[in-house]
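Text of query.txt, listed as compact mmCIF, N, CA and C atoms:
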```txt
# COMPACT_ATOMS: atom_id res chain seq x y z
N ILE Q 1 114.57 125.99 105.40
CA ILE Q 1 113.33 126.15 106.16
C ILE Q 1 112.19 126.34 105.18
N LYS Q 2 111.13 125.60 105.42
CA LYS Q 2 109.95 125.77 104.58
C LYS Q 2 108.71 125.73 105.46
N ARG Q 3 107.63 126.24 104.93
CA ARG Q 3 106.36 126.22 105.65
C ARG Q 3 105.51 125.11 105.06
N GLU Q 4 104.91 124.34 105.97
CA GLU Q 4 104.09 123.21 105.56
C GLU Q 4 102.85 123.18 106.45
N LYS Q 5 101.72 123.59 105.91
CA LYS Q 5 100.46 123.62 106.66
C LYS Q 5 100.60 124.36 107.99
N GLY Q 6 101.21 125.55 107.95
CA GLY Q 6 101.34 126.38 109.14
C GLY Q 6 102.47 125.98 110.06
N VAL Q 7 103.30 125.03 109.66
CA VAL Q 7 104.42 124.57 110.48
C VAL Q 7 105.71 124.95 109.77
N PHE Q 8 106.66 125.50 110.53
CA PHE Q 8 107.97 125.80 109.98
C PHE Q 8 108.81 124.53 110.07
N VAL Q 9 109.24 124.02 108.93
CA VAL Q 9 109.99 122.76 108.87
C VAL Q 9 111.47 123.09 108.65
N VAL Q 10 112.29 122.67 109.61
CA VAL Q 10 113.74 122.86 109.52
C VAL Q 10 114.31 121.52 109.07
N GLU Q 11 115.00 121.54 107.93
CA GLU Q 11 115.50 120.28 107.40
C GLU Q 11 116.86 120.44 106.75
N GLY Q 12 117.47 119.33 106.47
CA GLY Q 12 118.78 119.30 105.83
C GLY Q 12 119.62 118.20 106.45
N GLU Q 13 120.61 117.73 105.72
CA GLU Q 13 121.44 116.62 106.21
C GLU Q 13 122.13 116.94 107.52
N ASN Q 14 122.72 118.14 107.64
CA ASN Q 14 123.41 118.51 108.88
C ASN Q 14 122.44 118.55 110.06
N ILE Q 15 121.28 119.13 109.84
CA ILE Q 15 120.27 119.23 110.90
C ILE Q 15 119.87 117.83 111.36
N GLU Q 16 119.58 116.95 110.43
CA GLU Q 16 119.15 115.60 110.78
C GLU Q 16 120.24 114.82 111.49
N ARG Q 17 121.48 114.98 111.05
CA ARG Q 17 122.59 114.27 111.69
C ARG Q 17 122.78 114.75 113.14
N ILE Q 18 122.73 116.04 113.35
CA ILE Q 18 122.87 116.59 114.69
C ILE Q 18 121.70 116.14 115.57
N TYR Q 19 120.49 116.24 115.03
CA TYR Q 19 119.30 115.86 115.78
C TYR Q 19 119.38 114.40 116.26
N LYS Q 20 119.84 113.52 115.40
CA LYS Q 20 119.89 112.10 115.75
C LYS Q 20 120.94 111.79 116.82
N LYS Q 21 121.91 112.67 117.00
CA LYS Q 21 122.97 112.45 118.00
C LYS Q 21 122.61 112.96 119.39
N ILE Q 22 121.54 113.75 119.48
CA ILE Q 22 121.19 114.39 120.75
C ILE Q 22 119.96 113.74 121.35
N ASN Q 23 120.02 113.48 122.65
CA ASN Q 23 118.89 112.91 123.38
C ASN Q 23 117.95 114.05 123.77
N ILE Q 24 116.88 114.22 123.00
CA ILE Q 24 115.95 115.32 123.27
C ILE Q 24 114.90 114.98 124.32
N SER Q 25 115.05 113.82 124.95
CA SER Q 25 114.09 113.47 126.00
C SER Q 25 114.48 114.10 127.34
N THR Q 26 115.59 114.84 127.35
CA THR Q 26 116.01 115.54 128.57
C THR Q 26 116.06 117.04 128.30
N ASP Q 27 115.91 117.82 129.36
CA ASP Q 27 116.02 119.27 129.22
C ASP Q 27 117.40 119.66 128.71
N GLU Q 28 118.42 118.97 129.19
CA GLU Q 28 119.78 119.25 128.77
C GLU Q 28 119.94 119.03 127.26
N GLY Q 29 119.36 117.95 126.75
CA GLY Q 29 119.43 117.66 125.33
C GLY Q 29 118.74 118.71 124.49
N ILE Q 30 117.58 119.17 124.95
CA ILE Q 30 116.84 120.19 124.22
C ILE Q 30 117.62 121.50 124.20
N MET Q 31 118.23 121.85 125.34
CA MET Q 31 119.03 123.07 125.40
C MET Q 31 120.25 122.97 124.49
N LYS Q 32 120.86 121.79 124.44
CA LYS Q 32 122.02 121.58 123.57
C LYS Q 32 121.61 121.73 122.11
N LEU Q 33 120.50 121.12 121.73
CA LEU Q 33 120.01 121.22 120.36
C LEU Q 33 119.72 122.68 120.01
N ALA Q 34 119.05 123.39 120.91
CA ALA Q 34 118.73 124.80 120.67
C ALA Q 34 119.99 125.63 120.48
N SER Q 35 120.99 125.38 121.29
CA SER Q 35 122.25 126.11 121.19
C SER Q 35 122.93 125.86 119.85
N ILE Q 36 122.99 124.61 119.44
CA ILE Q 36 123.63 124.27 118.17
C ILE Q 36 122.88 124.89 117.00
N LEU Q 37 121.56 124.79 117.03
CA LEU Q 37 120.76 125.35 115.94
C LEU Q 37 120.92 126.87 115.87
N ASN Q 38 121.00 127.50 117.04
CA ASN Q 38 121.18 128.95 117.07
C ASN Q 38 122.52 129.32 116.44
N LYS Q 39 123.57 128.57 116.77
CA LYS Q 39 124.90 128.83 116.20
C LYS Q 39 124.90 128.62 114.69
N MET Q 40 124.05 127.73 114.21
CA MET Q 40 123.95 127.45 112.77
C MET Q 40 123.11 128.51 112.04
N GLY Q 41 122.48 129.42 112.79
CA GLY Q 41 121.68 130.47 112.17
C GLY Q 41 120.23 130.10 111.92
N VAL Q 42 119.77 129.01 112.53
CA VAL Q 42 118.39 128.56 112.29
C VAL Q 42 117.38 129.57 112.82
N GLU Q 43 117.61 130.12 114.02
CA GLU Q 43 116.65 131.08 114.56
C GLU Q 43 116.56 132.32 113.67
N ASP Q 44 117.70 132.80 113.19
CA ASP Q 44 117.69 133.95 112.28
C ASP Q 44 116.90 133.63 111.01
N ALA Q 45 117.10 132.43 110.49
CA ALA Q 45 116.37 132.01 109.28
C ALA Q 45 114.87 131.93 109.54
N LEU Q 46 114.49 131.41 110.72
CA LEU Q 46 113.08 131.36 111.07
C LEU Q 46 112.48 132.76 111.13
N LYS Q 47 113.22 133.68 111.74
CA LYS Q 47 112.74 135.07 111.84
C LYS Q 47 112.59 135.69 110.46
N LYS Q 48 113.54 135.43 109.56
CA LYS Q 48 113.46 135.96 108.20
C LYS Q 48 112.25 135.39 107.46
N ASN Q 49 111.81 134.20 107.86
CA ASN Q 49 110.65 133.57 107.24
C ASN Q 49 109.35 133.91 107.94
N GLY Q 50 109.42 134.82 108.92
CA GLY Q 50 108.20 135.35 109.54
C GLY Q 50 107.67 134.61 110.75
N ILE Q 51 108.50 133.83 111.42
CA ILE Q 51 108.01 133.11 112.59
C ILE Q 51 107.62 134.08 113.70
N LYS Q 52 106.60 133.69 114.46
CA LYS Q 52 106.11 134.49 115.59
C LYS Q 52 105.97 133.58 116.79
N ASP Q 53 105.98 134.18 117.98
CA ASP Q 53 105.78 133.40 119.21
C ASP Q 53 104.52 132.55 119.09
N GLY Q 54 104.65 131.27 119.45
CA GLY Q 54 103.52 130.36 119.41
C GLY Q 54 103.43 129.54 118.14
N ASP Q 55 104.20 129.91 117.10
CA ASP Q 55 104.22 129.12 115.87
C ASP Q 55 104.90 127.77 116.12
N THR Q 56 104.54 126.79 115.32
CA THR Q 56 105.09 125.44 115.47
C THR Q 56 106.29 125.26 114.55
N VAL Q 57 107.32 124.62 115.11
CA VAL Q 57 108.53 124.29 114.36
C VAL Q 57 108.70 122.77 114.40
N ARG Q 58 109.09 122.19 113.26
CA ARG Q 58 109.35 120.75 113.20
C ARG Q 58 110.78 120.52 112.76
N ILE Q 59 111.47 119.68 113.53
CA ILE Q 59 112.81 119.21 113.17
C ILE Q 59 112.73 117.69 113.19
N VAL Q 60 112.85 117.08 112.05
CA VAL Q 60 112.69 115.64 111.85
C VAL Q 60 111.32 115.24 112.39
N ASP Q 61 111.24 114.55 113.53
CA ASP Q 61 109.93 114.14 114.07
C ASP Q 61 109.60 114.87 115.37
N PHE Q 62 110.35 115.93 115.69
CA PHE Q 62 110.17 116.68 116.93
C PHE Q 62 109.51 118.01 116.60
N GLU Q 63 108.36 118.28 117.23
CA GLU Q 63 107.67 119.55 117.04
C GLU Q 63 107.60 120.30 118.36
N PHE Q 64 107.74 121.63 118.26
CA PHE Q 64 107.65 122.47 119.45
C PHE Q 64 107.11 123.83 119.06
N GLU Q 65 106.62 124.56 120.07
CA GLU Q 65 106.14 125.91 119.84
C GLU Q 65 107.31 126.87 120.04
N TYR Q 66 107.47 127.78 119.09
CA TYR Q 66 108.56 128.75 119.14
C TYR Q 66 108.21 129.91 120.05
N TYR Q 67 109.15 130.28 120.92
CA TYR Q 67 109.05 131.49 121.73
C TYR Q 67 110.43 132.09 121.80
N GLU Q 68 110.51 133.39 121.49
CA GLU Q 68 111.80 134.06 121.49
C GLU Q 68 112.34 134.23 122.88
```
Output the file's structure as structure tokens, nothing else.
Amino acid sequence: IKREKGVFVVEGENIERIYKKINISTDEGIMKLASILNKMGVEDALKKNGIKDGDTVRIVDFEFEYYE
């Protein structure tokens, strides 16, 4: 995880591979991605890097606002 112009960027080969396999155009897909990332410790890593509600997170080409 790195910060880039106020955006938390989540990257890595595993993250990209998982992201490409999930259809994020559906609510179910977004929930699945969130669940997998949580199991991988991404949310904990974001918190350790100082993320706050309303901050932007980018995974590959998908950006969203973080809310705990």
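Of all the residues in chain Q, the ones DSSP labels as strand (DSSP E) from the backbone are Lys2, Arg3, Glu4, Val7, Phe8, Val9, Val10, Thr56, Val57, Arg58, Ile59, Phe62, Glu63, Phe64 and Glu65 of chain Q.
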Write out, as an mmCIF file, in the frame of the given file, the residues just selected, with N, CA and C atoms.
```cif
data_model
loop_
_atom_site.group_PDB
_atom_site.id
_atom_site.type_symbol
_atom_site.label_atom_id
_atom_site.label_comp_id
_atom_site.auth_asym_id
_atom_site.auth_seq_id
_atom_site.Cartn_x
_atom_site.Cartn_y
_atom_site.Cartn_z
ATOM 1 N N LYS Q 2 111.130 125.600 105.420
ATOM 2 C CA LYS Q 2 109.950 125.770 104.580
ATOM 3 C C LYS Q 2 108.710 125.730 105.460
ATOM 4 N N ARG Q 3 107.630 126.240 104.930
ATOM 5 C CA ARG Q 3 106.360 126.220 105.650
ATOM 6 C C ARG Q 3 105.510 125.110 105.060
ATOM 7 N N GLU Q 4 104.910 124.340 105.970
ATOM 8 C CA GLU Q 4 104.090 123.210 105.560
ATOM 9 C C GLU Q 4 102.850 123.180 106.450
ATOM 10 N N VAL Q 7 103.300 125.030 109.660
ATOM 11 C CA VAL Q 7 104.420 124.570 110.480
ATOM 12 C C VAL Q 7 105.710 124.950 109.770
ATOM 13 N N PHE Q 8 106.660 125.500 110.530
ATOM 14 C CA PHE Q 8 107.970 125.800 109.980
ATOM 15 C C PHE Q 8 108.810 124.530 110.070
ATOM 16 N N VAL Q 9 109.240 124.020 108.930
ATOM 17 C CA VAL Q 9 109.990 122.760 108.870
ATOM 18 C C VAL Q 9 111.470 123.090 108.650
ATOM 19 N N VAL Q 10 112.290 122.670 109.610
ATOM 20 C CA VAL Q 10 113.740 122.860 109.520
ATOM 21 C C VAL Q 10 114.310 121.520 109.070
ATOM 22 N N THR Q 56 104.540 126.790 115.320
ATOM 23 C CA THR Q 56 105.090 125.440 115.470
ATOM 24 C C THR Q 56 106.290 125.260 114.550
ATOM 25 N N VAL Q 57 107.320 124.620 115.110
ATOM 26 C CA VAL Q 57 108.530 124.290 114.360
ATOM 27 C C VAL Q 57 108.700 122.770 114.400
ATOM 28 N N ARG Q 58 109.090 122.190 113.260
ATOM 29 C CA ARG Q 58 109.350 120.750 113.200
ATOM 30 C C ARG Q 58 110.780 120.520 112.760
ATOM 31 N N ILE Q 59 111.470 119.680 113.530
ATOM 32 C CA ILE Q 59 112.810 119.210 113.170
ATOM 33 C C ILE Q 59 112.730 117.690 113.190
ATOM 34 N N PHE Q 62 110.350 115.930 115.690
ATOM 35 C CA PHE Q 62 110.170 116.680 116.930
ATOM 36 C C PHE Q 62 109.510 118.010 116.600
ATOM 37 N N GLU Q 63 108.360 118.280 117.230
ATOM 38 C CA GLU Q 63 107.670 119.550 117.040
ATOM 39 C C GLU Q 63 107.600 120.300 118.360
ATOM 40 N N PHE Q 64 107.740 121.630 118.260
ATOM 41 C CA PHE Q 64 107.650 122.470 119.450
ATOM 42 C C PHE Q 64 107.110 123.830 119.060
ATOM 43 N N GLU Q 65 106.620 124.560 120.070
ATOM 44 C CA GLU Q 65 106.140 125.910 119.840
ATOM 45 C C GLU Q 65 107.310 126.870 120.040
#
```
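Every protein or nucleic acid residue with an atom no more than 8 Å from Val60 in chain Q, counting only C-alpha atoms and leaving out same-chain residues fewer than 6 positions away, appears here: Val10, Glu11, Glu16 and Tyr19 of chain Q.
In this structure, CA of Asp27 in chain Q sits 15.8 Å away from atom N of Tyr66 in chain Q.
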- Item | Counting only C-alpha atoms, the option among Q:Lys47, Q:Asp55, Q:Gly41, Q:Phe62 closest to Ser25 in chain Q | Q:Phe62
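Counting only C-alpha atoms, the residue from Q:Asp61, Q:Gly12, Q:Glu28, Q:Val7 that sits nearest to Val42 in chain Q is Q:Gly12.
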- Message: Quick check for you: according to DSSP on this backbone, which residues of chain Q are classed as helix (DSSP H, G or I)? Reply as a PyMOL selection string.
- Response: chain Q and resi 13-21+27-39+42-48
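One finds CA of Ile59 in chain Q at 12.9 Å from atom C of Asn23 in chain Q.
The coordinates place atom C of Gly6 in chain Q at 20.4 Å from atom N of Leu37 in chain Q.
Considering the residues Q:Ile1, Q:Leu33, Q:Ile24, Q:Ile15 and counting all atoms listed in the file, Ala45 in chain Q has its shortest atom-to-atom contact with Q:Ile1.
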